[in-house]
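Remarks on the structure that follows.
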Amino acid sequence: MVTIKASSSKQIDALIADLAAGSSVTRETAVARLTLLGTRAVERLIVTARSVADANARTAAWRALEAIGDSRALEPALAVLGSPEADPLVSAAAAGVARAHVRGTHGAAAVDRLATVLLDRTRHETLRLAALRALRDLEPATIAPILTALANDPNSTIRAEAGQTDAGATRGVEDPAAAVTRAADGDLPDDPASLRLALNLAAASVSPAVLRTVVDKVREREGAETAAARDQWRLTRAAAHVALAHRGSRLALYDLRESLETAKGPLPVEFLAALMLVGDASCLEAIARAHAKAKDAWWRRHLADAFAAIVAREKLTRRHTVLKRIEKRWAGILKI
């Protein structure tokens, strides 16, 4: 592996503190880095998510737990969903954790709680929408009775999201999958954050080919923007890569490699999260090159983690052609 290590405990402490930061950029970066730390961060994240901390911090903690997907977070998330007094935005983020488990071993408990929240007309619209989107991960035949029950819901946005609007009724929230498909067709929104949200919600329901096309379209837009806007579009491209990686697809691996090769500084950590999930031997030289020229300690550490994850997952040894070539070019960078 690349010879850079750090204390994960100290990293987690610092990142948990960043979840309460006033800056959304700092908070989003902390979420991404905690996601990379994975199961090591779960217990601390659960404590934060269930605490009386700032609502932004609790929401961010639940989002990180959703991305990690550890079953330890499910019971606390269901408890929050069952509390009518909880902040609706925080509860909506907890619904994301339940969503990650609707098809798993504990799916029955997750589905039951999400359905209860969705059908309770006294609960906040934001939370009910999050519950509905979580339940959409189920087979159409499974969710059909719930959608039918929403046909006469007094909330027009809920009716719209359930696909049960009457002619002339409020259009409501656009289907996230439709937004992603439109982006693949070249019709990108003015606000990259809206596309990031759609990618997060629709990652499991659009094809990898569509997601790959979104990567290409966003990269084109990114290159045409000013520096400030370019960063936001790059974050959106990173979200598309993570969506692809969670599908186990390597369709856009070329873009991950090229991004590392052309980067003049640290990339959004989601690029490395995607590499850790689907990167192969063809990515290792780009990672090693980026690590060799990096001056930022944070960036070097995460490049090291991604390199080590790929080597371990692909079961590569020092006899592999790529690793031999890397060791020859950057002597001492590897510790196998």
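Chain labels run A, B, ... following the order of the structure tokens; each chain numbers its residues from 1, and ligands are numbered from 1 in the order shown.
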Would you give me, as CSV, each residue of segment 32-113 of chain A having an atom within 12 Å of an atom of segment 181-203 of chain A, along with its shortest atom pair and that distance in Å to one decimal, using only C-alpha atoms and sorting by chain and residue number?
```
residue,atom,partner,partner_atom,distance
A:Arg63,CA,A:Asn200,CA,10.8
A:Glu66,CA,A:Asn200,CA,11.0
A:Ala67,CA,A:Asn200,CA,10.1
A:Ala93,CA,A:Leu201,CA,11.9
A:Ala95,CA,A:Leu201,CA,12.0
A:Gly96,CA,A:Leu201,CA,9.4
A:Arg99,CA,A:Leu201,CA,10.3
A:Ala100,CA,A:Leu201,CA,11.4
```
Near Ile158 of chain A, counting only C-alpha atoms, which residues have an atom at most 10 Å away, once you skip same-chain residues fewer than 2 positions from it, shown as a PyMOL selection string? chain A and resi 118+121+125-126+128-129+132+147+150-156+160-165+172-173
Could you check the closest approach to Glu85 of chain A for each of A:Arg123, A:Trp62, A:Ala252, A:Val111 and tell me which residue wins, using only C-alpha atoms?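 Counting only C-alpha atoms, the residue closest to Glu85 of chain A is A:Arg123.
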Which residue out of A:Asp216, A:Asp70, A:Asp255, A:Glu43 has the minimum interatomic distance to Phe271 of chain A when only C-alpha atoms are used?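 For Phe271 of chain A, the nearest of the given residues is A:Asp255.
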Any idea what's packed within 9 Å of segment 258-266 of chain A, counting only C-alpha atoms, ignoring anything in its chain fewer than 4 positions away? Could you give it as an MDAnalysis selection string? chainID A and resid 253:254 271 286:287 289:290 294:296 298:300
Sorted by chain and rising residue number, list the residues of segment 35-104 of chain A at most 12 Å from segment 304-308 of chain A (counting only C-alpha atoms), each with its closest atom pair and distance in Å to one decimal, as JSON lines.
```
{"residue": "A:Leu36", "atom": "CA", "partner": "A:Asp305", "partner_atom": "CA", "distance": 8.8}
{"residue": "A:Leu37", "atom": "CA", "partner": "A:Asp305", "partner_atom": "CA", "distance": 9.4}
{"residue": "A:Gly38", "atom": "CA", "partner": "A:Asp305", "partner_atom": "CA", "distance": 11.8}
```
Do you know which residues are at most 7 Å from Ile68 of chain A counting only C-alpha atoms, after dropping those on the same chain fewer than 4 positions away, and could you put them as number ranges by chain? A: 35, 38-39, 64
Requested write-out: N, CA and C atoms of the selected residues, as a PDB file, in the first residue's frame:
```
ATOM      1  N   THR A  35     -17.709   9.022   5.190  1.00  0.00           N
ATOM      2  CA  THR A  35     -18.183   7.894   4.385  1.00  0.00           C
ATOM      3  C   THR A  35     -17.021   6.996   3.989  1.00  0.00           C
ATOM      4  N   GLY A  38     -15.930   4.764   6.699  1.00  0.00           N
ATOM      5  CA  GLY A  38     -16.814   3.611   6.783  1.00  0.00           C
ATOM      6  C   GLY A  38     -17.161   3.186   8.191  1.00  0.00           C
ATOM      7  N   THR A  39     -17.085   1.892   8.442  1.00  0.00           N
ATOM      8  CA  THR A  39     -17.565   1.319   9.702  1.00  0.00           C
ATOM      9  C   THR A  39     -16.843   1.880  10.923  1.00  0.00           C
ATOM     10  N   ALA A  64     -24.267  10.548   6.228  1.00  0.00           N
ATOM     11  CA  ALA A  64     -23.050   9.734   6.207  1.00  0.00           C
ATOM     12  C   ALA A  64     -23.370   8.281   6.548  1.00  0.00           C
TER      13      ALA A  64
END
```
If you count only C-alpha atoms, which residues fall within 12 Å of Val117 of chain A, apart from same-chain ones fewer than 6 positions away, as JSON, numbers by chain? {"A": [78, 79, 80, 81, 82, 83, 84, 88, 91, 92, 94, 95, 98, 110, 111, 123, 124, 125, 126, 127, 128, 129, 130, 131, 132, 134, 135, 146]}
Include C-alpha atoms and write out the residues we just selected as a short mmCIF file (atom, residue, chain, number, x, y, z; two decimals), in the first residue's frame.
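Generated output (selection_25.cif):
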```
data_model
loop_
_atom_site.label_atom_id
_atom_site.label_comp_id
_atom_site.auth_asym_id
_atom_site.auth_seq_id
_atom_site.Cartn_x
_atom_site.Cartn_y
_atom_site.Cartn_z
CA LEU A 78 -36.32 3.94 12.94
CA ALA A 79 -36.59 5.45 16.42
CA VAL A 80 -36.21 8.95 14.98
CA LEU A 81 -38.78 8.21 12.28
CA GLY A 82 -41.21 7.10 14.98
CA SER A 83 -40.93 10.38 16.86
CA PRO A 84 -43.44 13.05 15.68
CA PRO A 88 -38.56 16.93 9.89
CA SER A 91 -36.04 12.70 10.21
CA ALA A 92 -35.97 12.85 6.39
CA ALA A 94 -32.89 9.23 8.88
CA ALA A 95 -35.34 7.90 6.28
CA ALA A 98 -33.97 3.10 6.43
CA ALA A 110 -37.73 -0.57 7.70
CA VAL A 111 -40.66 -0.87 5.29
CA ARG A 123 -46.35 14.27 9.51
CA HIS A 124 -44.35 16.94 7.70
CA GLU A 125 -44.41 16.90 3.89
CA THR A 126 -40.60 16.76 3.66
CA LEU A 127 -40.49 13.62 5.78
CA ARG A 128 -43.37 11.94 3.95
CA LEU A 129 -41.69 12.59 0.60
CA ALA A 130 -38.45 11.07 1.89
CA ALA A 131 -40.36 8.00 3.09
CA LEU A 132 -42.12 7.63 -0.26
CA ALA A 134 -37.30 5.28 0.10
CA LEU A 135 -40.18 2.87 -0.48
CA ILE A 146 -49.40 2.21 -0.80
#
```
So that I can check the surroundings of Ser71 of chain A, please list as JSON, numbers by chain every protein, DNA and RNA residue that reaches within 9 Å of it, counting only C-alpha atoms and ignoring chain neighbours fewer than 4 positions away. {"A": [75, 97, 101, 106]}
So what do you get for atom CA of Arg319 of chain A versus atom CA of Ala292 of chain A, distance-wise?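 Rounded to one decimal, the two atoms are 21.4 Å apart.
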Where does DSSP see alpha helix (DSSP H) in segment 238-267 of chain A, if you list the residues as a PyMOL selection string? chain A and resi 238-246+253-262
Keeping only N, CA and C atoms, write the selected residues to a file as an mmCIF file, in the first residue's frame.
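Result file again.cif:
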```
data_model
loop_
_atom_site.group_PDB
_atom_site.id
_atom_site.type_symbol
_atom_site.label_atom_id
_atom_site.label_comp_id
_atom_site.auth_asym_id
_atom_site.auth_seq_id
_atom_site.Cartn_x
_atom_site.Cartn_y
_atom_site.Cartn_z
ATOM 1 N N ALA A 238 -18.928 14.046 -9.572
ATOM 2 C CA ALA A 238 -18.500 13.074 -8.566
ATOM 3 C C ALA A 238 -19.687 12.261 -8.062
ATOM 4 N N ALA A 239 -20.838 12.919 -7.884
ATOM 5 C CA ALA A 239 -22.038 12.206 -7.430
ATOM 6 C C ALA A 239 -22.467 11.159 -8.451
ATOM 7 N N ALA A 240 -22.333 11.480 -9.743
ATOM 8 C CA ALA A 240 -22.666 10.502 -10.782
ATOM 9 C C ALA A 240 -21.716 9.310 -10.724
ATOM 10 N N HIS A 241 -20.447 9.577 -10.442
ATOM 11 C CA HIS A 241 -19.476 8.484 -10.315
ATOM 12 C C HIS A 241 -19.822 7.574 -9.130
ATOM 13 N N VAL A 242 -20.206 8.168 -8.015
ATOM 14 C CA VAL A 242 -20.565 7.360 -6.846
ATOM 15 C C VAL A 242 -21.798 6.512 -7.157
ATOM 16 N N ALA A 243 -22.773 7.103 -7.859
ATOM 17 C CA ALA A 243 -23.970 6.347 -8.239
ATOM 18 C C ALA A 243 -23.592 5.143 -9.104
ATOM 19 N N LEU A 244 -22.699 5.351 -10.053
ATOM 20 C CA LEU A 244 -22.232 4.255 -10.897
ATOM 21 C C LEU A 244 -21.494 3.203 -10.077
ATOM 22 N N ALA A 245 -20.654 3.661 -9.173
ATOM 23 C CA ALA A 245 -19.862 2.737 -8.365
ATOM 24 C C ALA A 245 -20.746 1.860 -7.495
ATOM 25 N N HIS A 246 -21.815 2.440 -6.939
ATOM 26 C CA HIS A 246 -22.717 1.651 -6.110
ATOM 27 C C HIS A 246 -23.481 0.617 -6.944
ATOM 28 N N LEU A 253 -14.973 4.577 -15.718
ATOM 29 C CA LEU A 253 -13.665 4.497 -15.056
ATOM 30 C C LEU A 253 -12.629 5.370 -15.768
ATOM 31 N N TYR A 254 -12.773 5.492 -17.098
ATOM 32 C CA TYR A 254 -11.856 6.328 -17.867
ATOM 33 C C TYR A 254 -11.858 7.765 -17.348
ATOM 34 N N ASP A 255 -13.029 8.255 -16.958
ATOM 35 C CA ASP A 255 -13.132 9.640 -16.491
ATOM 36 C C ASP A 255 -12.471 9.799 -15.127
ATOM 37 N N LEU A 256 -12.593 8.790 -14.273
ATOM 38 C CA LEU A 256 -11.923 8.841 -12.974
ATOM 39 C C LEU A 256 -10.403 8.904 -13.165
ATOM 40 N N ARG A 257 -9.881 8.066 -14.060
ATOM 41 C CA ARG A 257 -8.438 8.080 -14.313
ATOM 42 C C ARG A 257 -7.992 9.430 -14.876
ATOM 43 N N GLU A 258 -8.726 9.918 -15.880
ATOM 44 C CA GLU A 258 -8.345 11.175 -16.519
ATOM 45 C C GLU A 258 -8.443 12.341 -15.543
ATOM 46 N N SER A 259 -9.413 12.297 -14.649
ATOM 47 C CA SER A 259 -9.570 13.370 -13.667
ATOM 48 C C SER A 259 -8.360 13.429 -12.747
ATOM 49 N N LEU A 260 -7.884 12.268 -12.320
ATOM 50 C CA LEU A 260 -6.691 12.228 -11.474
ATOM 51 C C LEU A 260 -5.469 12.715 -12.239
ATOM 52 N N GLU A 261 -5.361 12.322 -13.488
ATOM 53 C CA GLU A 261 -4.180 12.669 -14.287
ATOM 54 C C GLU A 261 -4.097 14.156 -14.588
ATOM 55 N N THR A 262 -5.243 14.826 -14.682
ATOM 56 C CA THR A 262 -5.249 16.245 -15.063
ATOM 57 C C THR A 262 -5.475 17.189 -13.886
#
```
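Shortest separation to Arg58 of chain A among A:Ala227, A:Leu19, A:Val42, A:Leu267 occurs at residue A:Leu19, atoms counted being only C-alpha atoms.
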So which one's closest to Glu270 of chain A, A:Glu222, A:Ser9, A:Lys328, A:Thr236? Using only C-alpha atoms, please. A:Thr236
